[in-house]
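Just structure06.csv here, CSV, C-alpha atoms:
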```csv
chain,number,residue,atom,x,y,z
Q,164,MET,CA,-2.7,13.2,-12.2
Q,165,ARG,CA,-1.4,15.2,-15.1
Q,166,THR,CA,2.1,15.2,-16.6
Q,167,GLN,CA,3.5,17.2,-19.5
Q,168,ARG,CA,1.9,14.9,-22.1
Q,169,LEU,CA,-0.4,12.7,-20.1
Q,170,VAL,CA,-3.6,12.5,-18.1
Q,171,MET,CA,-3.7,9.6,-15.6
Q,172,GLU,CA,-6.9,8.6,-13.9
Q,173,PRO,CA,-7.7,5.5,-11.7
Q,174,ILE,CA,-8.8,2.7,-13.9
Q,175,ARG,CA,-12.6,2.2,-13.9
Q,176,ARG,CA,-14.8,-0.7,-15.2
Q,177,GLU,CA,-15.7,1.6,-18.1
Q,178,ASP,CA,-12.1,1.4,-19.3
Q,179,SER,CA,-12.4,-2.3,-20.1
Q,180,ASN,CA,-12.8,-1.9,-23.8
Q,181,ASP,CA,-9.9,0.5,-24.0
Q,182,LEU,CA,-7.8,-1.9,-21.9
Q,183,PHE,CA,-8.7,-4.8,-24.2
Q,184,GLU,CA,-7.8,-2.9,-27.4
Q,185,ALA,CA,-4.6,-1.5,-26.1
Q,186,VAL,CA,-3.3,-4.2,-23.8
Q,187,VAL,CA,-5.2,-7.5,-23.5
Q,188,SER,CA,-5.6,-8.1,-27.2
Q,189,GLN,CA,-1.9,-7.3,-27.9
Q,190,ASP,CA,0.2,-10.4,-27.8
Q,191,SER,CA,3.4,-8.3,-28.0
Q,192,VAL,CA,2.3,-6.7,-24.7
Q,193,MET,CA,0.8,-9.6,-22.8
Q,194,ARG,CA,3.7,-12.0,-23.5
Q,195,TRP,CA,5.8,-9.9,-21.1
Q,196,LEU,CA,3.3,-9.8,-18.2
Q,197,ALA,CA,3.5,-12.3,-15.4
Q,198,THR,CA,-0.3,-12.7,-15.6
Q,199,GLY,CA,0.2,-14.4,-18.9
Q,200,ARG,CA,-1.8,-14.2,-22.2
Q,201,ALA,CA,-5.4,-13.3,-22.3
Q,202,ASP,CA,-7.5,-12.3,-25.3
Q,203,SER,CA,-11.1,-11.8,-24.2
Q,204,ARG,CA,-13.1,-8.7,-23.3
Q,205,SER,CA,-14.3,-10.6,-20.2
Q,206,ALA,CA,-10.6,-10.9,-19.1
Q,207,ALA,CA,-10.3,-7.1,-19.6
Q,208,GLU,CA,-13.4,-6.5,-17.5
Q,209,ALA,CA,-12.0,-8.8,-14.8
Q,210,MET,CA,-8.8,-6.9,-14.8
Q,211,CYS,CA,-10.6,-3.6,-14.4
Q,212,ASP,CA,-12.7,-5.0,-11.6
Q,213,ASP,CA,-9.5,-6.1,-9.9
Q,214,HIS,CA,-7.9,-2.6,-10.3
Q,215,VAL,CA,-11.0,-0.9,-8.9
Q,216,ALA,CA,-11.0,-3.2,-5.9
Q,217,HIS,CA,-7.3,-2.5,-5.3
Q,218,TRP,CA,-7.9,1.3,-5.3
Q,219,ALA,CA,-10.7,0.8,-2.8
Q,220,ARG,CA,-8.5,-1.3,-0.6
Q,221,ASN,CA,-5.3,0.8,-0.7
Q,222,GLY,CA,-6.1,4.3,-2.0
Q,223,TYR,CA,-3.6,3.9,-4.8
Q,224,GLY,CA,-3.3,1.6,-7.8
Q,225,ASP,CA,-3.2,1.4,-11.6
Q,226,PHE,CA,-4.0,4.4,-13.8
Q,227,ALA,CA,-5.6,4.6,-17.2
Q,228,VAL,CA,-3.0,6.6,-19.1
Q,229,ARG,CA,-4.3,8.9,-21.9
Q,230,ASP,CA,-2.9,11.5,-24.2
Q,231,ALA,CA,-3.5,14.9,-22.7
Q,232,THR,CA,-4.4,16.4,-26.1
Q,233,SER,CA,-6.3,13.7,-27.9
Q,234,HIS,CA,-7.4,11.7,-24.8
Q,235,ALA,CA,-6.5,8.5,-26.7
Q,236,PHE,CA,-6.0,5.5,-24.3
Q,237,LEU,CA,-2.2,4.7,-24.3
Q,238,GLY,CA,-2.1,1.9,-21.6
Q,239,ARG,CA,-2.1,1.3,-17.9
Q,240,VAL,CA,0.7,2.3,-15.4
Q,241,GLY,CA,0.5,2.1,-11.6
Q,242,LEU,CA,1.3,0.8,-8.2
Q,243,ARG,CA,0.3,-2.6,-7.2
Q,244,ASN,CA,0.4,-3.8,-3.5
Q,245,ARG,CA,1.3,-7.5,-3.3
Q,246,ALA,CA,1.1,-8.9,0.2
Q,247,GLU,CA,4.1,-11.2,-0.3
Q,248,TYR,CA,6.4,-8.7,-1.9
Q,249,GLY,CA,5.3,-5.1,-1.3
Q,250,VAL,CA,4.4,-2.3,-3.7
Q,251,ASP,CA,5.5,-2.6,-7.3
Q,252,LEU,CA,5.5,-0.4,-10.3
Q,253,GLY,CA,4.0,-1.9,-13.4
Q,254,PHE,CA,3.2,-0.7,-16.9
Q,255,ALA,CA,1.6,-2.0,-20.1
Q,256,ILE,CA,1.7,0.4,-23.1
Q,257,HIS,CA,-0.1,0.0,-26.4
Q,258,PRO,CA,2.4,-1.0,-29.1
Q,259,ARG,CA,1.6,2.2,-31.1
Q,260,ALA,CA,2.6,4.3,-28.1
Q,261,GLN,CA,5.8,2.5,-27.3
Q,262,GLY,CA,9.2,4.1,-28.0
Q,263,ARG,CA,7.9,7.6,-27.1
Q,264,GLY,CA,8.8,7.6,-23.4
Q,265,ILE,CA,5.2,7.1,-22.2
Q,266,ALA,CA,6.0,4.4,-19.7
Q,267,ALA,CA,8.9,6.4,-18.2
Q,268,GLU,CA,6.8,9.6,-18.0
Q,269,ALA,CA,3.9,7.9,-16.3
Q,270,GLY,CA,6.2,5.8,-14.2
Q,271,ARG,CA,7.9,8.9,-12.9
Q,272,ALA,CA,4.5,10.3,-11.9
Q,273,CYS,CA,3.7,7.1,-10.0
Q,274,LEU,CA,7.1,7.3,-8.2
Q,275,ASP,CA,6.2,10.9,-7.3
Q,276,LEU,CA,2.9,9.6,-5.8
Q,277,ALA,CA,4.7,6.8,-3.9
Q,278,PHE,CA,7.6,8.8,-2.5
Q,279,ARG,CA,6.5,12.4,-2.3
Q,280,ARG,CA,2.9,12.0,-1.4
Q,281,LEU,CA,2.4,8.6,0.2
Q,282,LYS,CA,5.9,8.3,1.7
Q,283,LEU,CA,6.2,4.7,0.9
Q,284,PRO,CA,9.5,3.3,2.0
Q,285,ALA,CA,10.4,1.4,-1.2
Q,286,ILE,CA,8.9,0.5,-4.6
Q,287,PHE,CA,9.7,-2.7,-6.5
Q,288,ALA,CA,9.3,-3.9,-10.1
Q,289,PHE,CA,9.3,-7.4,-11.5
Q,290,VAL,CA,10.3,-8.1,-15.1
Q,291,LEU,CA,10.6,-11.2,-17.1
Q,292,PRO,CA,14.2,-11.9,-18.3
Q,293,GLY,CA,14.7,-10.8,-21.9
Q,294,ASN,CA,12.2,-7.8,-21.6
Q,295,MET,CA,15.0,-5.4,-22.3
Q,296,ALA,CA,12.7,-2.5,-23.2
Q,297,SER,CA,11.1,-2.6,-19.7
Q,298,ILE,CA,14.4,-3.0,-18.0
Q,299,ALA,CA,15.7,0.1,-19.8
Q,300,VAL,CA,12.7,2.1,-18.5
Q,301,LEU,CA,13.2,0.9,-15.0
Q,302,ARG,CA,16.9,1.8,-15.1
Q,303,ARG,CA,16.1,5.2,-16.6
Q,304,LEU,CA,13.8,5.8,-13.6
Q,305,GLY,CA,16.6,4.9,-11.1
Q,306,ALA,CA,15.8,1.3,-10.2
Q,307,GLN,CA,18.5,-1.1,-9.1
Q,308,GLU,CA,18.5,-4.8,-9.6
Q,309,ALA,CA,17.6,-6.7,-6.4
Q,310,GLY,CA,17.6,-10.4,-7.0
Q,311,THR,CA,15.0,-12.7,-8.5
Q,312,VAL,CA,11.5,-13.8,-7.4
Q,313,GLN,CA,8.7,-16.1,-8.5
Q,314,SER,CA,5.6,-14.2,-9.7
Q,315,SER,CA,2.5,-16.0,-10.9
Q,316,GLY,CA,4.8,-19.1,-11.2
Q,317,LEU,CA,7.3,-17.3,-13.5
Q,318,HIS,CA,10.9,-16.5,-12.8
Q,319,CYS,CA,11.3,-12.7,-12.7
Q,320,VAL,CA,14.1,-10.2,-12.1
Q,321,ARG,CA,13.4,-7.9,-9.2
Q,322,TYR,CA,14.2,-4.2,-9.3
Q,323,ARG,CA,14.0,-1.7,-6.4
Q,324,PHE,CA,13.4,2.0,-6.2
Q,325,ASP,CA,14.8,3.6,-3.0
Q,326,PRO,CA,13.5,7.0,-1.8
Q,327,THR,CA,16.9,7.9,-0.4
Q,328,VAL,CA,18.4,7.9,-3.9
Q,329,TYR,CA,15.3,9.1,-5.7
Q,330,PRO,CA,16.1,12.4,-7.4
Q,331,ALA,CA,14.2,14.5,-4.9
Q,332,ALA,CA,15.9,17.7,-6.1
Q,333,GLU,CA,14.2,17.5,-9.4
Q,334,ALA,CA,10.9,19.1,-10.0
Q,335,PRO,CA,7.9,16.8,-9.4
Q,336,ALA,CA,6.7,15.0,-12.5
Q,337,VAL,CA,3.0,15.6,-11.6
Q,338,GLN,CA,1.4,18.9,-12.3
Q,339,GLY,CA,-1.2,20.3,-9.9
Q,340,GLY,CA,-2.8,18.1,-7.2
Q,341,ASP,CA,-1.9,20.4,-4.3
Q,342,ALA,CA,-5.2,19.4,-2.5
Q,343,ASP,CA,-4.4,15.7,-2.6
Q,344,LEU,CA,-3.7,13.6,0.4
Q,345,ARG,CA,-0.1,13.8,1.6
Q,346,LEU,CA,1.5,11.5,4.2
Q,347,HIS,CA,4.4,12.1,6.6
Q,348,TYR,CA,6.4,9.4,8.3
Q,349,ALA,CA,8.6,10.1,11.3
Q,350,PRO,CA,10.2,8.4,14.3
Q,351,GLY,CA,8.6,8.8,17.7
Q,352,PRO,CA,5.1,8.5,19.3
Q,353,GLY,CA,3.6,11.6,17.6
Q,354,ASP,CA,2.4,14.9,19.0
Q,355,ARG,CA,-0.3,14.8,21.8
Q,356,GLU,CA,-1.7,18.0,20.5
Q,357,ASP,CA,-2.2,16.5,17.1
Q,358,THR,CA,-4.0,13.6,18.6
Q,359,ALA,CA,-6.2,15.9,20.6
Q,360,ALA,CA,-7.0,17.9,17.4
Q,361,LEU,CA,-8.0,14.7,15.6
Q,362,CYS,CA,-10.2,13.6,18.5
Q,363,ASP,CA,-12.2,16.8,18.0
Q,364,GLY,CA,-13.5,16.8,21.6
Q,365,ARG,CA,-14.3,13.1,21.7
Q,366,PRO,CA,-13.1,11.7,25.0
Q,367,ASP,CA,-12.8,8.1,23.9
Q,368,PRO,CA,-12.5,7.8,20.1
Q,369,PHE,CA,-11.3,4.2,20.2
Q,370,GLY,CA,-13.8,3.0,22.7
Q,371,ILE,CA,-11.1,1.6,25.1
Q,372,ASN,CA,-11.1,3.9,28.1
Q,373,GLY,CA,-13.3,1.6,30.1
Q,374,LEU,CA,-10.8,-1.2,29.8
Q,375,GLY,CA,-8.4,0.3,32.3
Q,376,LEU,CA,-5.3,-0.6,30.3
Q,377,VAL,CA,-1.8,0.9,30.1
Q,378,TRP,CA,-0.7,1.3,26.5
Q,379,SER,CA,2.7,1.4,24.8
Q,380,ASP,CA,3.9,4.5,23.1
Q,381,LYS,CA,4.4,4.1,19.3
Q,382,GLU,CA,7.9,4.1,17.9
Q,383,HIS,CA,7.0,5.5,14.5
Q,384,THR,CA,4.1,7.8,13.5
Q,385,LEU,CA,2.4,8.2,10.2
Q,386,THR,CA,0.3,11.4,9.7
Q,387,ALA,CA,-1.9,12.5,6.8
Q,388,PHE,CA,-2.6,16.0,5.6
Q,389,ARG,CA,-5.1,17.4,3.1
Q,390,ASP,CA,-5.0,21.1,2.0
Q,391,GLY,CA,-2.2,21.4,4.6
Q,392,ARG,CA,-4.4,20.4,7.5
Q,393,LEU,CA,-3.9,17.3,9.7
Q,394,VAL,CA,-6.6,14.8,9.0
Q,395,ALA,CA,-5.4,11.4,10.3
Q,396,SER,CA,-2.6,9.6,12.1
Q,397,THR,CA,-1.5,6.1,13.1
Q,398,GLY,CA,1.5,4.6,14.8
Q,399,LEU,CA,3.8,1.5,14.8
Q,400,LEU,CA,6.1,-0.3,17.1
Q,401,LEU,CA,8.2,-3.4,16.6
Q,402,ARG,CA,8.5,-6.3,19.1
Q,403,GLU,CA,9.6,-9.9,19.4
Q,404,MET,CA,6.4,-11.8,20.3
Q,405,GLU,CA,5.6,-15.4,20.9
Q,406,PHE,CA,3.3,-17.3,18.5
Q,407,ASP,CA,2.7,-20.8,19.8
Q,408,GLY,CA,5.8,-20.5,21.9
Q,409,ALA,CA,8.1,-19.5,18.9
Q,410,SER,CA,9.6,-16.0,18.6
Q,411,ARG,CA,8.3,-13.8,15.8
Q,412,ARG,CA,9.2,-10.2,14.7
Q,413,VAL,CA,5.9,-8.3,14.8
Q,414,ALA,CA,4.9,-4.7,14.0
Q,415,GLY,CA,2.1,-3.5,16.2
Q,416,LEU,CA,-0.2,-1.1,14.5
Q,417,GLY,CA,-2.5,1.1,16.6
Q,418,SER,CA,-4.3,4.4,17.1
Q,419,VAL,CA,-5.7,4.6,13.6
Q,420,LEU,CA,-7.4,8.0,14.0
Q,421,VAL,CA,-9.2,10.1,11.3
Q,422,HIS,CA,-10.8,13.4,12.0
Q,423,PRO,CA,-14.6,13.1,11.9
Q,424,ALA,CA,-14.9,15.7,9.1
Q,425,HIS,CA,-12.7,13.5,6.8
Q,426,ARG,CA,-14.1,10.1,7.4
Q,427,SER,CA,-15.6,7.8,4.7
Q,428,ARG,CA,-12.9,9.0,2.2
Q,429,GLY,CA,-10.7,6.0,2.4
Q,430,ILE,CA,-8.0,7.8,4.3
Q,431,ALA,CA,-7.7,5.2,7.0
Q,432,ARG,CA,-7.3,2.4,4.4
Q,433,THR,CA,-4.5,4.3,2.7
Q,434,MET,CA,-2.7,5.0,6.0
Q,435,ILE,CA,-3.0,1.3,7.0
Q,436,SER,CA,-1.6,0.2,3.6
Q,437,VAL,CA,1.4,2.5,3.8
Q,438,ALA,CA,2.0,1.6,7.5
Q,439,ILE,CA,2.2,-2.1,6.5
Q,440,GLU,CA,4.9,-1.3,4.0
Q,441,HIS,CA,7.0,0.6,6.6
Q,442,ALA,CA,6.6,-2.5,8.9
Q,443,ARG,CA,7.8,-4.7,6.0
Q,444,GLU,CA,10.8,-2.4,5.4
Q,445,ALA,CA,11.7,-2.6,9.1
Q,446,GLY,CA,11.9,-6.4,9.0
Q,447,ALA,CA,8.5,-7.4,10.5
Q,448,GLU,CA,7.2,-10.8,9.7
Q,449,THR,CA,3.7,-10.1,10.8
Q,450,VAL,CA,1.7,-6.9,11.4
Q,451,MET,CA,-0.8,-7.0,14.3
Q,452,LEU,CA,-3.6,-4.7,15.6
Q,453,LEU,CA,-6.1,-4.8,18.4
Q,454,CYS,CA,-9.6,-3.6,17.6
Q,455,ARG,CA,-13.2,-3.6,18.8
Q,456,PRO,CA,-15.2,-6.6,17.4
Q,457,GLU,CA,-17.3,-4.4,15.1
Q,458,LEU,CA,-14.2,-3.4,13.2
Q,459,VAL,CA,-13.2,-7.0,12.3
Q,460,PRO,CA,-15.2,-7.0,9.0
Q,461,LEU,CA,-13.5,-3.8,7.8
Q,462,TYR,CA,-10.0,-5.2,8.5
Q,463,THR,CA,-11.0,-8.5,6.9
Q,464,GLN,CA,-11.8,-6.6,3.7
Q,465,LEU,CA,-8.4,-5.1,3.8
Q,466,GLY,CA,-6.7,-8.5,3.8
Q,467,TRP,CA,-6.2,-9.0,7.6
Q,468,ARG,CA,-7.0,-12.2,9.4
Q,469,HIS,CA,-8.9,-12.6,12.6
Q,470,MET,CA,-7.1,-14.6,15.3
Q,471,PHE,CA,-9.2,-16.9,17.5
Q,472,VAL,CA,-6.5,-18.1,19.9
Q,473,PRO,CA,-6.0,-16.6,23.4
Q,474,VAL,CA,-3.8,-13.5,23.3
Q,475,THR,CA,-1.9,-12.2,26.4
Q,476,PHE,CA,-0.2,-8.9,27.0
Q,477,ARG,CA,1.6,-7.3,29.9
Q,478,GLN,CA,0.3,-4.8,32.4
Q,479,PRO,CA,1.9,-3.3,35.5
Q,480,ALA,CA,0.2,-5.9,37.7
Q,481,GLY,CA,1.2,-8.7,35.4
Q,482,PRO,CA,0.0,-10.7,32.3
Q,483,ARG,CA,-3.6,-10.1,31.2
Q,484,PRO,CA,-5.8,-11.7,28.5
Q,485,CYS,CA,-6.6,-9.4,25.6
Q,486,PRO,CA,-10.2,-8.1,25.8
Q,487,LEU,CA,-10.2,-6.9,22.1
Q,488,SER,CA,-10.2,-8.7,18.8
Q,489,THR,CA,-6.8,-9.4,17.4
Q,490,MET,CA,-6.1,-9.1,13.6
Q,491,THR,CA,-2.9,-10.0,11.8
Q,492,TYR,CA,-1.4,-9.3,8.3
Q,493,ASP,CA,1.2,-11.8,7.2
Q,494,LEU,CA,4.3,-10.6,5.5
Q,495,ALA,CA,6.4,-13.7,5.5
Q,496,ASP,CA,4.1,-16.6,4.7
Q,497,LEU,CA,4.1,-17.9,8.3
Q,498,PRO,CA,1.3,-20.0,9.8
Q,499,GLN,CA,-1.5,-18.7,11.9
Q,500,PRO,CA,-1.1,-19.6,15.6
Q,501,THR,CA,-3.2,-22.5,16.8
Q,502,VAL,CA,-2.5,-22.4,20.6
Q,503,SER,CA,-1.7,-18.9,21.9
Q,504,VAL,CA,0.0,-15.6,21.3
Q,505,ASP,CA,2.0,-13.6,23.9
Q,506,LEU,CA,2.7,-9.9,23.1
Q,507,GLN,CA,5.4,-9.9,25.8
Q,508,SER,CA,4.8,-6.2,26.2
Q,509,LEU,CA,2.1,-3.6,26.8
Q,510,PRO,CA,-0.7,-3.4,24.2
Q,511,PHE,CA,-0.5,-0.9,21.3
```

Translate the structure described by the file into structure tokens.
Amino acid sequence: MRTQRLVMEPIRREDSNDLFEAVVSQDSVMRWLATGRADSRSAAEAMCDDHVAHWARNGYGDFAVRDATSHAFLGRVGLRNRAEYGVDLGFAIHPRAQGRGIAAEAGRACLDLAFRRLKLPAIFAFVLPGNMASIAVLRRLGAQEAGTVQSSGLHCVRYRFDPTVYPAAEAPAVQGGDADLRLHYAPGPGDREDTAALCDGRPDPFGINGLGLVWSDKEHTLTAFRDGRLVASTGLLLREMEFDGASRRVAGLGSVLVHPAHRSRGIARTMISVAIEHAREAGAETVMLLCRPELVPLYTQLGWRHMFVPVTFRQPAGPRPCPLSTMTYDLADLPQPTVSVDLQSLPF
């Protein structure tokens, strides 16, 4: 991404020396990060590896921020998905670049990415009490204080960015990038013609037609476009389900479909990551999906857990055991079931 003064690129392992010099070795920067102090090049390498893995898992993450003219490394700014909290905006700027509005300019570009391109439902930020410079940047970008949390064992003030009050009328902060992936979130089960187009003539893209099941319509649909063309979609519904006999608010994720010409580009991973955040915003405690056994390793890499207890759902003729693998993504630090799960509805 490019802004008026900056070039922002996903952090790579090759950025570790720059990250060490600008951030990790700077006590005046590290003292305000919940990760705590670190002063070794190996720590910078580990941070870069973590950032690279985050990009691969979610399709968004932290950027190496450089001066557009000199290409000097100014720091890192980006979006971090935390399973227990959601997506947060974070920044760490080299002391020599502070006081020039770099964090605000790069942060605005990240909010553009989050709200205009990815359609994330909310972005948070966590700041240590007393870090008035960062608090001033967050307020300048439109964040509102939203309580406190514990992050990495430290007491932090929580801020929230809401897309409904984000200044959408203003010109986007990011220049160019028209060919980038753009997501759209809407109520309803989606357009059957869109689904047919994504299937591209394949009669059974999910490998489930032979199961003879009746499926639920989705209540919310997430679609992805590249160069103005539909390339992927998925859907969500919310239900009260029973985990070991106790009621739990669950978001069912299903029909993750990517056009064959656009596979192996990480689109499905980004869609799933964003869909989870919409489930969180809707009050879900757990997200669940049903998949073929061969897809279990993929979802495990994305942070999902494989359930091994019996799962039951409804069909017109009555309850039926689930013939597919069941994966869950926990949003509320709840235990995995040990006895059984009942969807109490049609599968999704």

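Proximity to Pro350 in chain Q was assessed for Q:Thr386, Q:Asn372, Q:Gln499, Q:Ser427 counting all atoms listed in the file; the smallest distance is recorded for Q:Thr386.
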
Identify, on the basis of only C-alpha atoms, every residue whose closest approach to Leu420 in chain Q does not exceed 10 Å; exclude the query and any residue fewer than 4 positions from it along the same chain; express the result as a list in words. Thr358, Leu361, Cys362, Pro368, Phe369, Thr386, Val394, Ala395, Ser396, Thr397, Gly398, Arg426, Ile430, Ala431 and Met434 of chain Q

Could you check which of Q:Trp378, Q:Tyr348, Q:Phe476, Q:Tyr492 is closest to Glu247 in chain Q, using only C-alpha atoms? Q:Tyr492

Closest contacts (range 414-473 of chain Q/range 211-216 of chain Q, max 12 Å, all atoms listed in the file) as JSON lines:
```
{"residue": "Q:Gln464", "atom": "CA", "partner": "Q:Ala216", "partner_atom": "CA", "distance": 10.2}
{"residue": "Q:Leu465", "atom": "CA", "partner": "Q:Ala216", "partner_atom": "CA", "distance": 10.2}
{"residue": "Q:Gly466", "atom": "CA", "partner": "Q:Ala216", "partner_atom": "CA", "distance": 11.9}
```

Excluding same-chain residues fewer than 5 positions from His234 in chain Q, what lies within 9 Å of it counting all atoms listed in the file, as a PyMOL selection string? chain Q and resi 169-170+228-229

In terms of the shortest atom-to-atom distance over all atoms listed in the file, which of Q:Ala285, Q:Leu196, Q:Ala442, Q:Ile174 is closest to His318 in chain Q? Q:Leu196

Could you state the separation of CA of Arg243 in chain Q and CA of Thr166 in chain Q in Å, given to one decimal place? 20.2 Å

Using only C-alpha atoms, what residues lie at most 7 Å away from (2.7, 14.5, -24.7) (file coordinates), given as a list in words? Gln167, Arg168, Leu169, Asp230 and Ala231 of chain Q

Give me, as a PyMOL selection string, all polymer residues having an atom no more than 12 Å from Met210 in chain Q, counting only C-alpha atoms and skipping those fewer than 3 positions away in the same chain. chain Q and resi 174-183+186-187+198+201-207+213-217+225+239

Leaving out Leu453 in chain Q and any residue of its chain fewer than 4 positions from it, which residues lie within 10 Å of it when counting all atoms listed in the file, given as an MDAnalysis selection string? chainID Q and resid 415:418 458:459 485:491 510:511

Using only C-alpha atoms, can you list as number ranges by chain the residues within 12 Å of (8.5, 2.8, -14.4)? Q: 239-242, 251-256, 264-275, 277, 286-290, 296-307, 322-324

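The gap separating CA of Gly238 in chain Q from CA of Gln261 in chain Q is 9.8 Å, in Å to one decimal.
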
Of the listed residues Q:Asn244, Q:Gly293, Q:Tyr462, Q:His257, that which approaches Ser188 in chain Q most closely, counting all atoms listed in the file: Q:His257

Between Q:Gln478, Q:Ala227, Q:Pro460, Q:Met171, which has the minimum distance to Leu374 in chain Q (counting all atoms listed in the file)? Q:Gln478

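The space between CA of Asp357 in chain Q and CA of Ala445 in chain Q spans 24.9 Å.
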